[in-house]
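Shown below: final31.txt, with compact mmCIF, C-alpha atoms.
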```txt
# COMPACT_ATOMS: atom_id res chain seq x y z
CA MET N 1 -14.76 44.99 15.04
CA ASN N 2 -14.40 45.47 11.29
CA THR N 3 -14.67 41.99 9.86
CA SER N 4 -13.99 43.17 6.31
CA SER N 5 -10.23 43.34 6.98
CA TYR N 6 -9.99 39.71 8.05
CA TYR N 7 -9.40 37.00 5.48
CA ASP N 8 -9.40 33.32 6.22
CA PRO N 9 -7.91 31.27 3.38
CA LEU N 10 -9.64 28.19 4.72
CA SER N 11 -13.03 29.71 3.92
CA ALA N 12 -12.05 30.41 0.32
CA PRO N 13 -13.25 28.10 -2.41
CA SER N 14 -11.31 24.83 -2.50
CA PRO N 15 -8.71 24.71 -5.28
CA SER N 16 -9.82 21.17 -6.04
CA GLN N 17 -13.21 22.46 -7.23
CA PRO N 18 -12.98 23.95 -10.72
CA GLN N 19 -15.03 27.06 -11.46
CA GLN N 20 -18.12 26.47 -13.52
CA HIS N 21 -18.64 28.75 -16.51
CA LEU N 22 -22.30 29.16 -17.34
CA THR N 23 -23.21 29.47 -21.02
CA ARG N 24 -26.62 30.25 -22.43
CA PRO N 25 -27.80 27.36 -24.66
CA LEU N 26 -29.11 28.27 -28.08
CA SER N 27 -32.84 28.12 -28.43
CA PRO N 28 -34.09 25.27 -30.62
CA ARG N 29 -36.28 27.84 -32.42
CA SER N 30 -33.33 30.07 -33.23
CA PRO N 31 -32.56 30.11 -36.97
CA ILE N 32 -28.88 30.62 -36.19
CA SER N 33 -28.66 27.35 -34.25
CA GLN N 34 -30.37 25.43 -37.06
CA THR N 35 -28.09 27.02 -39.64
CA GLU N 36 -24.99 26.15 -37.62
CA ARG N 37 -26.13 22.55 -37.30
CA GLY N 38 -26.66 22.26 -41.04
CA LEU N 39 -23.32 23.86 -41.95
CA ARG N 40 -21.22 21.57 -39.79
CA SER N 41 -18.83 19.42 -41.78
CA PRO N 42 -18.84 15.69 -41.08
CA SER N 43 -16.26 14.56 -38.56
CA VAL N 44 -13.14 12.96 -40.01
CA PRO N 45 -12.20 9.66 -38.37
CA SER N 46 -8.98 9.92 -36.41
CA THR N 47 -7.96 6.31 -37.10
CA PRO N 48 -7.14 4.97 -40.56
CA ILE N 49 -9.44 2.47 -42.26
CA THR N 50 -8.16 -0.54 -44.19
CA ALA N 51 -9.24 -1.53 -47.70
CA GLN N 52 -11.71 -4.01 -46.20
CA GLY N 53 -13.39 -1.20 -44.27
CA GLN N 54 -12.05 -2.34 -40.88
CA VAL N 55 -10.40 -0.12 -38.30
CA PRO N 56 -7.01 -1.59 -37.35
CA ARG N 57 -6.32 -2.29 -33.72
CA VAL N 58 -4.17 0.22 -31.89
CA GLN N 59 -1.36 -1.61 -30.13
CA GLU N 60 -1.34 -0.83 -26.43
CA ASN N 61 1.84 -0.30 -24.50
CA TRP N 62 2.62 -3.01 -21.96
CA PHE N 63 5.29 -4.10 -19.52
CA LYS N 64 5.66 -7.56 -17.98
CA VAL N 65 7.86 -8.88 -15.18
CA TRP N 66 8.53 -12.48 -14.15
CA VAL N 67 10.29 -13.00 -10.82
CA LEU N 68 12.69 -15.92 -11.23
CA GLY N 69 13.84 -16.32 -7.66
CA ILE N 70 15.62 -14.77 -4.70
CA GLU N 71 19.09 -15.16 -3.25
CA ARG N 72 20.34 -14.30 0.20
CA ASN N 73 23.80 -13.38 1.40
CA ARG N 74 25.14 -11.93 4.59
CA ARG N 75 24.37 -8.35 3.59
CA ASP N 76 21.21 -8.24 1.52
CA LEU N 77 18.43 -10.00 -0.36
CA TRP N 78 18.68 -10.19 -4.16
CA ILE N 79 15.71 -10.54 -6.52
CA LYS N 80 16.16 -11.90 -10.04
CA PHE N 81 13.56 -11.22 -12.71
CA ASP N 82 12.93 -11.10 -16.46
CA ALA N 83 11.18 -8.16 -18.11
CA GLU N 84 9.56 -7.59 -21.50
CA THR N 85 8.02 -4.42 -22.91
CA ASN N 86 7.06 -2.58 -26.07
CA LEU N 87 7.43 0.89 -24.56
CA PRO N 88 9.46 3.17 -26.87
CA SER N 89 11.36 4.73 -23.97
CA PHE N 90 13.20 1.46 -23.27
CA ARG N 91 16.29 0.57 -25.27
CA SER N 92 15.42 -3.13 -25.57
CA ALA N 93 12.29 -5.26 -25.66
CA ARG N 94 13.65 -7.98 -23.36
CA TYR N 95 15.77 -7.94 -20.24
CA LYS N 96 17.00 -11.31 -19.00
CA SER N 97 18.05 -12.22 -15.46
CA VAL N 98 18.03 -8.71 -14.01
CA SER N 99 19.31 -8.82 -10.43
CA ARG N 100 18.48 -6.10 -7.92
CA SER N 101 19.02 -5.97 -4.18
CA TYR N 102 16.40 -5.16 -1.58
CA THR N 103 18.26 -1.93 -0.82
CA GLU N 104 18.00 -0.88 -4.48
CA LEU N 105 14.29 -1.62 -4.44
CA LEU N 106 13.94 0.67 -1.42
CA ARG N 107 15.74 3.39 -3.37
CA LEU N 108 13.38 2.87 -6.30
CA LEU N 109 10.37 3.11 -4.00
CA ASP N 110 11.59 6.41 -2.51
CA ALA N 111 12.45 7.83 -5.96
CA LEU N 112 9.04 6.92 -7.40
CA ALA N 113 7.27 8.38 -4.35
CA ALA N 114 9.25 11.62 -4.66
CA SER N 115 8.58 12.05 -8.40
CA ASN N 116 4.94 10.92 -8.21
CA PRO N 117 3.36 12.46 -5.08
CA GLN N 118 -0.09 11.89 -6.58
CA ILE N 119 0.27 8.08 -6.48
CA VAL N 120 0.07 5.80 -3.43
CA ILE N 121 2.81 3.26 -4.14
CA PRO N 122 2.51 -0.21 -2.54
CA ALA N 123 5.03 -0.95 0.16
CA LEU N 124 7.81 -3.43 -0.51
CA PRO N 125 7.15 -6.99 0.67
CA LEU N 126 8.87 -8.18 3.83
CA PRO N 127 12.36 -9.56 3.12
CA GLN N 128 11.75 -12.49 5.45
CA THR N 129 8.64 -14.32 6.62
CA SER N 130 7.77 -16.54 9.57
CA ALA N 131 7.96 -19.71 7.46
CA PRO N 132 9.74 -22.57 9.27
CA THR N 133 11.98 -23.63 6.36
CA ALA N 134 14.14 -21.74 3.88
CA GLU N 135 12.31 -23.28 0.91
CA GLU N 136 8.89 -22.15 2.10
CA ASP N 137 10.25 -18.70 2.96
CA GLU N 138 11.76 -18.32 -0.52
CA LYS N 139 8.52 -19.41 -2.16
CA ILE N 140 6.41 -16.91 -0.19
CA VAL N 141 8.82 -14.00 -0.68
CA LYS N 142 9.05 -14.73 -4.41
CA GLY N 143 5.26 -14.72 -4.74
CA ASN N 144 5.00 -11.48 -2.78
CA PHE N 145 7.51 -9.72 -5.05
CA GLN N 146 5.69 -10.99 -8.13
CA LYS N 147 2.47 -9.47 -6.78
CA TRP N 148 4.29 -6.21 -5.96
CA PHE N 149 5.70 -5.86 -9.48
CA THR N 150 2.28 -6.63 -10.96
CA ARG N 151 0.66 -3.84 -8.94
CA ILE N 152 3.43 -1.40 -9.85
CA ILE N 153 2.94 -2.18 -13.55
CA GLU N 154 -0.82 -1.63 -13.27
CA THR N 155 -0.07 2.06 -12.65
CA LYS N 156 0.98 3.36 -16.07
CA ILE N 157 2.48 6.56 -14.64
CA LEU N 158 5.05 4.55 -12.67
CA VAL N 159 6.02 2.37 -15.63
CA VAL N 160 6.85 5.32 -17.87
CA ASP N 161 8.75 7.07 -15.07
CA GLU N 162 12.43 7.63 -15.87
CA GLU N 163 13.48 6.12 -12.54
CA PHE N 164 11.76 2.84 -13.36
CA ARG N 165 13.46 2.69 -16.78
CA VAL N 166 16.89 3.26 -15.21
CA PHE N 167 16.11 0.63 -12.56
CA VAL N 168 15.47 -2.01 -15.23
CA GLU N 169 18.11 -1.05 -17.78
CA ASN N 170 21.21 -0.35 -15.67
CA ASP N 171 23.82 -3.07 -15.93
CA PHE N 172 25.66 -2.37 -12.68
CA GLY N 173 22.99 -1.84 -10.07
CA TYR N 174 20.56 1.01 -9.62
CA THR N 175 21.21 4.53 -8.41
CA PRO N 176 18.43 7.15 -8.47
CA ILE N 177 18.99 9.81 -11.12
CA SER N 178 17.09 12.45 -9.17
CA ASN N 179 18.02 13.91 -5.80
CA LYS N 180 14.43 14.86 -5.13
CA LYS N 181 13.29 13.64 -1.73
CA LYS N 182 9.87 12.57 -0.62
CA ALA N 183 7.83 15.30 1.01
CA SER N 184 7.84 15.15 4.78
CA SER N 185 4.59 14.84 6.66
CA SER N 186 5.87 16.40 9.89
CA SER N 187 3.96 19.62 9.19
CA SER N 188 0.67 17.81 9.08
CA GLY N 189 0.41 17.36 12.84
CA VAL N 190 0.40 13.54 12.80
CA THR N 191 3.67 13.26 14.69
CA GLY N 192 2.39 15.24 17.63
CA PHE N 193 3.47 18.79 16.71
CA LYS N 194 0.64 21.29 16.75
CA ASN N 195 0.54 23.66 13.80
CA PRO N 196 0.03 27.28 14.96
CA LEU N 197 -1.46 28.27 11.58
CA SER N 198 -4.40 25.90 11.88
CA LYS N 199 -7.49 27.92 12.74
CA SER N 200 -9.78 25.16 13.86
CA LYS N 201 -10.55 21.50 13.52
CA SER N 202 -12.43 22.27 10.33
CA ALA N 203 -9.11 23.00 8.60
CA GLU N 204 -8.89 19.42 7.33
CA VAL N 205 -12.38 18.15 6.82
CA ASP N 206 -11.95 16.94 3.24
CA PRO N 207 -12.03 13.16 2.61
CA LEU N 208 -8.31 12.82 1.85
CA SER N 209 -7.33 14.51 5.12
CA GLN N 210 -9.70 12.22 6.97
CA THR N 211 -8.15 9.27 5.12
CA LYS N 212 -4.72 10.30 6.39
CA ILE N 213 -5.98 10.05 9.96
CA GLU N 214 -7.48 6.63 9.22
CA MET N 215 -4.21 5.43 7.68
CA SER N 216 -2.37 6.42 10.85
CA ARG N 217 -4.88 4.49 12.94
CA ILE N 218 -4.68 1.45 10.65
CA GLU N 219 -0.89 1.50 10.83
CA SER N 220 -0.86 1.36 14.63
CA THR N 221 -3.71 -1.18 14.82
CA PHE N 222 -2.18 -3.60 12.31
CA GLY N 223 1.26 -3.21 13.87
CA GLU N 224 -0.11 -4.09 17.31
CA GLY N 225 -2.09 -6.98 15.80
CA ALA N 226 1.03 -8.41 14.17
CA ASN N 227 2.90 -8.24 17.50
CA VAL N 228 0.02 -9.94 19.33
CA ILE N 229 -0.13 -12.74 16.75
CA ASP N 230 3.63 -13.22 17.02
CA ARG N 231 3.38 -13.61 20.81
CA MET N 232 0.39 -15.93 20.44
CA ALA N 233 2.28 -18.11 17.94
CA LYS N 234 5.21 -18.39 20.35
CA MET N 235 2.90 -19.41 23.21
CA ARG N 236 1.19 -22.01 21.01
CA THR N 237 4.57 -23.39 20.00
CA SER N 238 5.52 -23.61 23.68
CA LEU N 239 2.24 -25.44 24.41
CA ALA N 240 2.92 -27.87 21.56
CA THR N 241 6.42 -28.51 22.91
CA ASN N 242 4.97 -29.26 26.37
CA HIS N 243 2.43 -31.68 24.87
CA ILE N 244 5.23 -33.55 23.13
CA LEU N 245 7.24 -33.59 26.37
CA VAL N 246 4.30 -35.06 28.30
CA SER N 247 3.82 -37.71 25.61
CA GLU N 248 7.47 -38.72 25.96
CA ARG N 249 7.10 -39.00 29.75
CA LEU N 250 4.00 -41.18 29.35
CA LEU N 251 5.82 -43.35 26.85
CA ALA N 252 8.65 -43.80 29.36
CA LEU N 253 6.08 -44.66 32.03
CA ASN N 254 4.58 -47.29 29.75
CA LEU N 255 7.96 -49.02 29.32
CA THR N 256 7.95 -50.07 32.98
CA PRO N 257 6.74 -53.61 33.82
CA PRO N 258 3.09 -53.88 32.72
CA SER N 259 0.27 -53.99 35.22
CA VAL N 260 -0.97 -57.47 36.01
CA THR N 261 -4.29 -56.45 37.53
CA ASN N 262 -5.34 -54.22 34.61
CA PRO N 263 -3.47 -55.01 31.37
CA SER N 264 -5.52 -52.49 29.34
CA LEU N 265 -3.96 -49.66 31.36
CA ASN N 266 -0.69 -49.95 29.44
CA GLN N 267 -2.53 -49.84 26.15
CA ALA N 268 -4.44 -46.70 27.22
CA VAL N 269 -1.28 -44.91 28.36
CA ASN N 270 0.47 -45.81 25.10
CA LEU N 271 -2.46 -44.48 23.05
CA LEU N 272 -2.63 -41.29 25.12
CA SER N 273 1.10 -40.75 24.58
CA ARG N 274 0.78 -41.06 20.82
CA THR N 275 -2.28 -38.79 20.80
CA LEU N 276 -0.53 -36.04 22.77
CA HIS N 277 2.47 -36.27 20.44
CA SER N 278 0.24 -35.89 17.38
CA MET N 279 -1.61 -32.99 19.01
CA GLY N 280 1.71 -31.27 19.69
CA ASP N 281 2.75 -31.63 16.06
CA TYR N 282 -0.55 -30.23 14.80
CA GLU N 283 -0.47 -27.34 17.28
CA ALA N 284 3.07 -26.38 16.28
CA SER N 285 2.11 -26.42 12.61
CA GLU N 286 -1.01 -24.35 13.33
CA ALA N 287 1.01 -21.78 15.28
CA THR N 288 3.42 -21.40 12.38
CA CYS N 289 0.53 -21.13 9.93
CA VAL N 290 -1.06 -18.33 11.97
CA ALA N 291 2.21 -16.40 12.01
CA VAL N 292 2.69 -16.77 8.25
CA THR N 293 -0.83 -16.30 6.91
CA LEU N 294 -2.07 -13.63 9.32
CA GLY N 295 0.84 -12.15 11.27
CA ASP N 296 3.05 -11.42 8.27
CA VAL N 297 0.12 -9.98 6.32
CA LEU N 298 -0.80 -7.61 9.15
CA ALA N 299 2.84 -6.53 9.50
CA TYR N 300 3.00 -5.79 5.76
CA GLN N 301 -0.30 -3.91 5.76
CA ALA N 302 0.97 -1.77 8.64
CA GLY N 303 3.90 -0.71 6.45
CA ASN N 304 1.56 -0.27 3.50
CA ALA N 305 -0.67 2.04 5.53
CA LYS N 306 2.41 3.98 6.63
CA GLY N 307 3.37 4.59 3.00
CA ALA N 308 -0.14 5.83 2.20
CA LYS N 309 -0.08 8.08 5.27
CA GLU N 310 3.24 9.62 4.19
CA THR N 311 1.87 10.25 0.69
CA LEU N 312 -1.17 11.99 2.15
CA GLY N 313 1.15 13.84 4.52
CA GLY N 314 2.92 15.34 1.52
CA ARG N 315 -0.44 16.61 0.31
CA ALA N 316 -1.11 18.08 3.76
CA ALA N 317 2.21 19.92 3.59
CA LEU N 318 1.24 21.32 0.19
CA LEU N 319 -2.13 22.42 1.59
CA GLU N 320 -0.36 24.21 4.42
CA GLU N 321 1.92 25.93 1.92
CA TYR N 322 -1.16 27.01 -0.05
CA ARG N 323 -2.80 28.46 3.08
CA ASN N 324 0.33 30.46 3.85
CA ALA N 325 0.49 31.69 0.24
CA ALA N 326 -3.18 32.69 0.33
CA LYS N 327 -2.66 34.53 3.60
CA ASN N 328 0.40 36.28 2.21
CA ALA N 329 -1.49 37.32 -0.95
CA PHE N 330 -4.29 38.72 1.19
CA ASN N 331 -1.80 40.77 3.24
CA LYS N 332 -0.18 42.11 0.07
CA ARG N 333 -3.59 43.06 -1.26
CA LYS N 334 -4.30 44.96 1.96
CA ASN N 335 -1.01 46.84 1.62
CA VAL N 336 -1.98 47.94 -1.88
CA GLU N 337 -5.34 49.16 -0.60
CA LYS N 338 -3.62 51.19 2.12
CA LEU N 339 -1.36 52.88 -0.41
CA LYS N 340 -4.35 54.30 -2.29
CA GLY N 341 -4.73 57.05 0.28
CA ASN N 342 -1.03 58.05 0.26
CA PRO N 343 0.35 57.04 -3.12
CA THR N 344 4.09 56.98 -3.68
CA ARG N 345 5.22 55.69 -7.04
CA ASP N 346 8.17 53.66 -5.78
CA ARG N 347 6.20 52.09 -2.95
CA VAL N 348 3.19 51.42 -5.19
CA ASP N 349 5.32 49.70 -7.84
CA GLU N 350 7.04 47.59 -5.23
CA ALA N 351 3.73 46.65 -3.59
CA LEU N 352 2.20 45.72 -6.94
CA GLU N 353 5.17 43.52 -7.80
CA GLU N 354 4.93 41.76 -4.45
CA LEU N 355 1.19 41.32 -4.92
CA GLU N 356 1.70 39.84 -8.38
CA GLU N 357 4.30 37.38 -7.07
CA ALA N 358 2.10 36.35 -4.16
CA THR N 359 -0.97 35.94 -6.40
CA THR N 360 1.01 33.88 -8.92
CA LEU N 361 2.32 31.60 -6.17
CA GLU N 362 -1.19 31.17 -4.76
CA SER N 363 -2.58 30.30 -8.20
CA THR N 364 0.26 27.86 -8.92
CA LEU N 365 -0.22 26.03 -5.62
CA ALA N 366 -3.99 25.90 -6.18
CA GLN N 367 -3.43 24.22 -9.55
CA LYS N 368 -0.99 21.75 -7.98
CA ILE N 369 -3.47 20.82 -5.27
CA SER N 370 -6.27 20.42 -7.80
CA ALA N 371 -4.15 18.09 -9.96
CA LEU N 372 -2.98 16.20 -6.86
CA ASN N 373 -6.53 15.63 -5.66
CA GLU N 374 -7.62 14.50 -9.10
CA HIS N 375 -5.07 11.65 -9.19
CA LEU N 376 -4.75 10.88 -5.48
CA THR N 377 -8.40 9.99 -4.95
CA PRO N 378 -8.50 7.07 -7.47
CA SER N 379 -5.04 5.99 -6.30
CA MET N 380 -6.30 5.71 -2.72
CA LYS N 381 -9.26 3.67 -3.96
CA THR N 382 -6.88 1.27 -5.71
CA HIS N 383 -4.76 1.08 -2.56
CA ALA N 384 -7.84 0.27 -0.46
CA LYS N 385 -8.98 -2.38 -2.95
CA HIS N 386 -5.61 -4.16 -2.89
CA SER N 387 -5.35 -4.00 0.90
CA HIS N 388 -8.88 -5.34 1.28
CA ALA N 389 -8.15 -8.21 -1.12
CA ASP N 390 -4.97 -9.14 0.78
CA LEU N 391 -6.70 -9.09 4.17
CA VAL N 392 -9.68 -11.12 2.97
CA ALA N 393 -7.38 -13.71 1.37
CA ALA N 394 -5.33 -13.93 4.60
CA VAL N 395 -8.39 -14.38 6.83
CA VAL N 396 -9.90 -17.00 4.52
CA GLU N 397 -6.62 -18.94 4.32
CA GLN N 398 -6.18 -18.76 8.09
CA ALA N 399 -9.75 -20.00 8.70
CA ARG N 400 -9.29 -22.84 6.22
CA SER N 401 -5.96 -24.01 7.65
CA SER N 402 -7.17 -23.71 11.26
CA LEU N 403 -10.23 -25.79 10.40
CA ILE N 404 -8.02 -28.50 8.90
CA TYR N 405 -5.73 -28.65 11.95
CA GLU N 406 -8.60 -28.61 14.44
CA LYS N 407 -10.30 -31.44 12.56
CA GLN N 408 -7.11 -33.49 12.76
CA ILE N 409 -6.82 -32.85 16.50
CA LEU N 410 -10.48 -33.82 16.98
CA LYS N 411 -9.89 -36.98 14.97
CA GLU N 412 -6.97 -37.95 17.21
CA LEU N 413 -9.06 -37.38 20.34
CA GLU N 414 -11.96 -39.40 18.96
CA MET N 415 -9.63 -42.34 18.36
CA CYS N 416 -8.93 -42.42 22.11
CA LYS N 417 -12.59 -42.28 23.12
CA PRO N 418 -13.58 -46.00 22.68
CA LEU N 419 -10.54 -47.29 24.54
CA PHE N 420 -10.94 -44.91 27.46
CA VAL N 421 -14.69 -45.60 27.70
CA SER N 422 -14.08 -49.37 27.86
CA PHE N 423 -11.26 -48.84 30.35
CA PHE N 424 -13.56 -46.74 32.55
CA PHE N 425 -16.36 -49.36 32.62
CA SER N 426 -13.95 -52.26 33.12
CA SER N 427 -12.41 -50.57 36.15
CA GLN N 428 -15.80 -50.28 37.90
```

Show me the file's structure as structure tokens.
Amino acid sequence: MNTSSYYDPLSAPSPSQPQQHLTRPLSPRSPISQTERGLRSPSVPSTPITAQGQVPRVQENWFKVWVLGIERNRRDLWIKFDAETNLPSFRSARYKSVSRSYTELLRLLDALAASNPQIVIPALPLPQTSAPTAEEDEKIVKGNFQKWFTRIIETKILVVDEEFRVFVENDFGYTPISNKKKASSSSSGVTGFKNPLSKSKSAEVDPLSQTKIEMSRIESTFGEGANVIDRMAKMRTSLATNHILVSERLLALNLTPPSVTNPSLNQAVNLLSRTLHSMGDYEASEATCVAVTLGDVLAYQAGNAKGAKETLGGRAALLEEYRNAAKNAFNKRKNVEKLKGNPTRDRVDEALEELEEATTLESTLAQKISALNEHLTPSMKTHAKHSHADLVAAVVEQARSSLIYEKQILKELEMCKPLFVSFFFSSQ
């Protein structure tokens, strides 16, 4: 078998690795190098210097957002915020009481993801939490949106994006100005469809492709964890309700005529009733706290991992397109080689044009992949850092609140101990 006619684009050098050009350094003994060093003119400072000899500070561009509150109606959730900036692309420096719906924020997220495939954009916060009251729910959602805007602003590419400017400046709602859609990740094989062009498992061995697999696993794991915590919180709430029900039955039992033979029995039953009622209250509060601090965070991180997986899926689709282009260029090159033995001017010109188009497409896709890898790697690191910080904060808060509730339950049980010990010895 002649292996010289087979070309595997996967074995070609990765487009993310730039070619190194080797240059011969000048010898320190060379008179030319010493002459060139002596003839160099001093570098001119790029920044102006004041009369006092100080370099003035260069004003950095910034953008700030303050979430004022949220409002709910039958159809949607509305977020109100103030914004300030010194970016020259914005028409004004201040924007007061900007109101945007949750649906418009979803449109912004899709538009930013479509125009910036090299950035992993944080997922939108959940529109509703597991908080027991409307005030607590509004407070948590408001804080989550403030954190989301802060993380969006940290990425300078997103702030200067035209979609973000239109989102802030429009007076009558937000509509994306671009019809560009986010790249689909169905060709990457995550959804269960096997790609016939993949040669082997070594086709996606690079770290970003491995990260896409991990994001898919994290999405399913966190989603299942959120569902388990939700069921656990409901069972704990049911247990708390049963404890309160038992305490009410004991209280009703204690209202019957007191015992003459053992008067301390009524006091013990009354204390046990109050203890069970307090335990039920603490257990219900703890169940709600688990759902809010841990369950909601896991549900959000599942959606966050899904967004990162879709971003990496767009890169996988681009890699697949590059492999097809490289394979096509190789086939065109083979056709040109075959025409050398039987040259026909029309066929040769046509084959050369096709080869030039295929080579240009391959080179263009290689440059796109290289630029995508250059920005996507630090963006994934930032995404991982934020996710890790959120999970650590959630676990610490859950451990702290659980410790407080368990201490209160233990305190209630310890208050019953002396009375029940004395009742036990007096009954003997």

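Minimum atom-to-atom distance to Ala299 (chain N), evaluated using all atoms listed in the file, belongs to N:Val228 out of N:Val228, N:Leu250, N:Ala317, N:Val269.
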
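Neighbours of region 373-384 of chain N closer than or equal to 6 Å, with only C-alpha atoms counted and sequence neighbours fewer than 5 positions away skipped, come out as Gln118, Ile119 and Val120 of chain N.
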
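Rounded to one decimal, CA of Pro122 (chain N) and CA of Thr85 (chain N) lie 21.5 Å from each other.
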
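Going from CA of Gln146 (chain N) to CA of Trp66 (chain N) covers 6.8 Å.
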
request  = Up to 10 Å from (21.3, 9.3, -10.2) in the file's coordinates: name the residues, counting only C-alpha atoms, as an MDAnalysis selection string.
outcome  = chainID N and resid 111 163 166 174:179

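Using all atoms listed in the file for every distance, the candidate list N:Gln267, N:Ser401, N:Ala329, N:Leu339 yields N:Gln267 as the residue closest to Ser422 (chain N).
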
inquiry  = Show me the residues around (6.4, -28.5, 18.8) - criterion: an atom at most 12 Å away, all atoms listed in the file counted - as a ChimeraX atom specification.
reply    = /N:132,233-247,276-288

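Using all atoms listed in the file for every distance, the candidate list N:Leu352, N:Ala268, N:Ala308, N:Ile409 yields N:Ala308 as the residue closest to Ile213 (chain N).
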
request  = Would you mind listing what lies within 8 Å of Ser101 (chain N) as a VMD selection string, with all atoms listed in the file counted and same-chain residues fewer than 3 positions away left out?
outcome  = chain N and resid 76 to 79 104 to 105

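Computed from the coordinates, the CA of Tyr322 (chain N) to CA of Pro117 (chain N) distance equals 16.0 Å.
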
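Counting all atoms listed in the file and comparing N:Val168, N:Leu410, N:Leu124, N:Ala226, the residue that lies closest to Ser92 (chain N) is N:Val168.
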
task = Write out as a ChimeraX atom specification the residues lying within 10 Å of Leu251 (chain N), counting all atoms listed in the file and excluding same-chain residues fewer than 5 positions away.
result = /N:245-246,256,266,269-274

Write out the residues from the selection above, keeping C-alpha atoms, as a PDB file, keeping the file's coordinate frame.
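That gives us out.pdb:
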```
ATOM      1  CA  LEU N 245       7.240 -33.590  26.370  1.00  0.00           C
ATOM      2  CA  VAL N 246       4.300 -35.060  28.300  1.00  0.00           C
ATOM      3  CA  THR N 256       7.950 -50.070  32.980  1.00  0.00           C
ATOM      4  CA  ASN N 266      -0.690 -49.950  29.440  1.00  0.00           C
ATOM      5  CA  VAL N 269      -1.280 -44.910  28.360  1.00  0.00           C
ATOM      6  CA  ASN N 270       0.470 -45.810  25.100  1.00  0.00           C
ATOM      7  CA  LEU N 271      -2.460 -44.480  23.050  1.00  0.00           C
ATOM      8  CA  LEU N 272      -2.630 -41.290  25.120  1.00  0.00           C
ATOM      9  CA  SER N 273       1.100 -40.750  24.580  1.00  0.00           C
ATOM     10  CA  ARG N 274       0.780 -41.060  20.820  1.00  0.00           C
TER      11      ARG N 274
END
```

request  = Quick one: everything within 12 Å of Pro127 (chain N), counting only C-alpha atoms, minus sequence neighbours fewer than 3 positions away in the same chain. Send it as a PyMOL selection string.
outcome  = chain N and resi 70-72+76-79+101-103+105-106+123-124+130-131+137-145+296+299-300

Complete the atoms of region 112-124 of chain N to N, CA and C atoms and put them out as a compact mmCIF listing (two decimals), in the coordinates of the input.
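part.txt was written with the following content:
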```
# COMPACT_ATOMS: atom_id res chain seq x y z
N LEU N 112 10.36 6.86 -6.77
CA LEU N 112 9.04 6.92 -7.40
C LEU N 112 8.07 7.74 -6.55
N ALA N 113 8.16 7.60 -5.23
CA ALA N 113 7.27 8.38 -4.35
C ALA N 113 7.59 9.86 -4.43
N ALA N 114 8.88 10.21 -4.59
CA ALA N 114 9.25 11.62 -4.66
C ALA N 114 8.82 12.25 -5.98
N SER N 115 8.93 11.50 -7.09
CA SER N 115 8.58 12.05 -8.40
C SER N 115 7.10 11.91 -8.73
N ASN N 116 6.37 11.11 -7.96
CA ASN N 116 4.94 10.92 -8.21
C ASN N 116 4.17 11.08 -6.89
N PRO N 117 4.07 12.29 -6.36
CA PRO N 117 3.36 12.46 -5.08
C PRO N 117 1.86 12.22 -5.18
N GLN N 118 1.34 12.10 -6.41
CA GLN N 118 -0.09 11.89 -6.58
C GLN N 118 -0.46 10.42 -6.60
N ILE N 119 0.51 9.51 -6.42
CA ILE N 119 0.27 8.08 -6.48
C ILE N 119 0.64 7.45 -5.14
N VAL N 120 -0.24 6.60 -4.63
CA VAL N 120 0.07 5.80 -3.43
C VAL N 120 0.74 4.52 -3.90
N ILE N 121 2.03 4.39 -3.65
CA ILE N 121 2.81 3.26 -4.14
C ILE N 121 2.77 2.15 -3.10
N PRO N 122 2.53 0.90 -3.52
CA PRO N 122 2.51 -0.21 -2.54
C PRO N 122 3.85 -0.37 -1.85
N ALA N 123 3.80 -0.73 -0.60
CA ALA N 123 5.03 -0.95 0.16
C ALA N 123 5.74 -2.21 -0.32
N LEU N 124 7.05 -2.24 -0.11
CA LEU N 124 7.81 -3.43 -0.51
C LEU N 124 7.45 -4.61 0.38
```
